[in-house]
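S.K.: Below are the structure tokens for one structure; questions will follow.
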Amino acid sequence: MKIYTKTGDKGETGLIGGKRIPKSDPRIISYGLIDELNSNVGLTISLLNLKNNNLFSDLIDLLIKIQNDLFTIGSDLADPTYPIENKYKIPRTDEKMVLYLESEIDKFDKEVVPITFFILPGGSIESSILHVSRSIARRTETAVTALSKSQTINPAILIYLNRLSDLLFVAARLVNKRIGVEDVAWKSSPRH
């Protein structure tokens, strides 16, 4: 089977169930951003593996789980029949996924020092790429929120994306701490 189907050559794509819609539809934009976020999380995993697999094995395992969760979210968004039917047995985003993120946030947050200043994205390359993932998660959440205003989606998706950006923030700080790099403090510019 060839990778190209030519079915999208006129700017349309198919949803689960076969309905064709423009590639500019908010639903397509939303799950496209999920894919971008998932790809960036994959890049983060690769960078962490290069640094020191033992130092970050718990975080790498978590990020791999997040990649699988994001795939579930993408398929959940690609099914326009939510909540009426699920005849294609699409996996759904659920509260357990959110609760797991919250438990990981709490665990990692205990390892870093409390925040006493605003933090700039940076410190180490690994922390910086986690901040990029966090900002993509925020942009994705914004797009999914816009989608939810015009189309019905699983509300657990928005909650998951909100927690995910929090987790990525804490993970960025955690990576800096484990490497021995200070978080970068924001300093306001003097007024002229």
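Chains: A, B, ... in order of the structure tokens. Residues: from 1 per chain. Ligands: from 1, in order shown.
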Quick one: residues within 8 Å of stretch 88-93 of chain A, only C-alpha atoms counted, chain neighbours fewer than 4 positions away excluded, as an mmCIF file with N, CA, C and O atoms, in the first residue's frame?
M.R.:
```
data_model
loop_
_atom_site.group_PDB
_atom_site.id
_atom_site.type_symbol
_atom_site.label_atom_id
_atom_site.label_comp_id
_atom_site.auth_asym_id
_atom_site.auth_seq_id
_atom_site.Cartn_x
_atom_site.Cartn_y
_atom_site.Cartn_z
ATOM 1 N N ILE A 16 -13.212 9.799 11.271
ATOM 2 C CA ILE A 16 -13.643 8.444 11.567
ATOM 3 C C ILE A 16 -15.120 8.343 11.190
ATOM 4 O O ILE A 16 -15.918 9.199 11.545
ATOM 5 N N GLY A 17 -15.464 7.333 10.451
ATOM 6 C CA GLY A 17 -16.828 7.173 9.950
ATOM 7 C C GLY A 17 -16.964 7.593 8.496
ATOM 8 O O GLY A 17 -17.982 7.355 7.870
ATOM 9 N N ASP A 69 -1.216 8.564 25.299
ATOM 10 C CA ASP A 69 -2.417 9.324 25.650
ATOM 11 C C ASP A 69 -2.774 10.314 24.542
ATOM 12 O O ASP A 69 -3.944 10.475 24.189
ATOM 13 N N THR A 72 -4.485 8.685 21.756
ATOM 14 C CA THR A 72 -5.889 8.463 22.119
ATOM 15 C C THR A 72 -6.700 9.743 21.948
ATOM 16 O O THR A 72 -7.810 9.724 21.389
ATOM 17 N N ILE A 73 -6.151 10.868 22.414
ATOM 18 C CA ILE A 73 -6.847 12.150 22.292
ATOM 19 C C ILE A 73 -7.065 12.503 20.825
ATOM 20 O O ILE A 73 -8.148 12.958 20.442
ATOM 21 N N SER A 75 -7.382 10.457 18.263
ATOM 22 C CA SER A 75 -8.451 9.630 17.698
ATOM 23 C C SER A 75 -9.806 10.012 18.279
ATOM 24 O O SER A 75 -10.822 9.982 17.574
ATOM 25 N N ASP A 76 -9.831 10.415 19.549
ATOM 26 C CA ASP A 76 -11.062 10.882 20.186
ATOM 27 C C ASP A 76 -11.582 12.119 19.434
ATOM 28 O O ASP A 76 -12.779 12.230 19.129
ATOM 29 N N ASP A 79 -13.254 11.534 15.929
ATOM 30 C CA ASP A 79 -14.574 10.897 15.893
ATOM 31 C C ASP A 79 -15.649 11.943 16.179
ATOM 32 O O ASP A 79 -15.840 12.339 17.324
ATOM 33 N N MET A 97 -6.813 9.244 33.146
ATOM 34 C CA MET A 97 -5.627 9.802 32.496
ATOM 35 C C MET A 97 -5.224 11.119 33.164
ATOM 36 O O MET A 97 -4.041 11.386 33.364
ATOM 37 N N ASN A 154 -15.234 15.531 23.688
ATOM 38 C CA ASN A 154 -15.105 14.937 25.012
ATOM 39 C C ASN A 154 -14.480 15.988 25.938
ATOM 40 O O ASN A 154 -13.345 16.412 25.713
ATOM 41 N N ALA A 156 -13.124 15.780 28.760
ATOM 42 C CA ALA A 156 -11.914 15.314 29.449
ATOM 43 C C ALA A 156 -10.655 15.710 28.679
ATOM 44 O O ALA A 156 -9.576 15.824 29.271
ATOM 45 N N ILE A 157 -10.792 15.956 27.386
ATOM 46 C CA ILE A 157 -9.629 16.350 26.575
ATOM 47 C C ILE A 157 -9.076 17.684 27.055
ATOM 48 O O ILE A 157 -7.858 17.842 27.217
#
```
S.K.: Per residue of stretch 55-109 of chain A within 12 Å of stretch 123-132 of chain A, record the nearest atom pair and its distance in Å to one decimal, counting only C-alpha atoms, with rows in chain order and ascending residue number, as a Markdown table.
M.R.:
```
| residue | atom | partner | partner_atom | distance |
| --- | --- | --- | --- | --- |
| A:Phe56 | CA | A:Glu126 | CA | 10.7 |
| A:Leu59 | CA | A:Leu130 | CA | 11.2 |
| A:Ile60 | CA | A:Glu126 | CA | 11.8 |
| A:Leu63 | CA | A:Leu130 | CA | 10.4 |
```
S.K.: My list of candidates is A:Thr81, A:Asn86, A:Ser165, A:Thr145. Which is closest to A:Leu37 when distances are computed with only C-alpha atoms?
M.R.: A:Ser165
S.K.: Give me the residues within 10 Å of stretch 167-177 of chain A as a PyMOL selection string, counting only C-alpha atoms and dropping any in the same chain fewer than 2 places off.
M.R.: chain A and resi 41+48+55-56+59+63+101-113+115+119+121-135+137+161-165+179-184
S.K.: Please report the interatomic distance between atom CA of A:Asp25 and atom CA of A:Glu85 in Å with one decimal.
M.R.: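 These atoms are spaced 21.5 Å apart.
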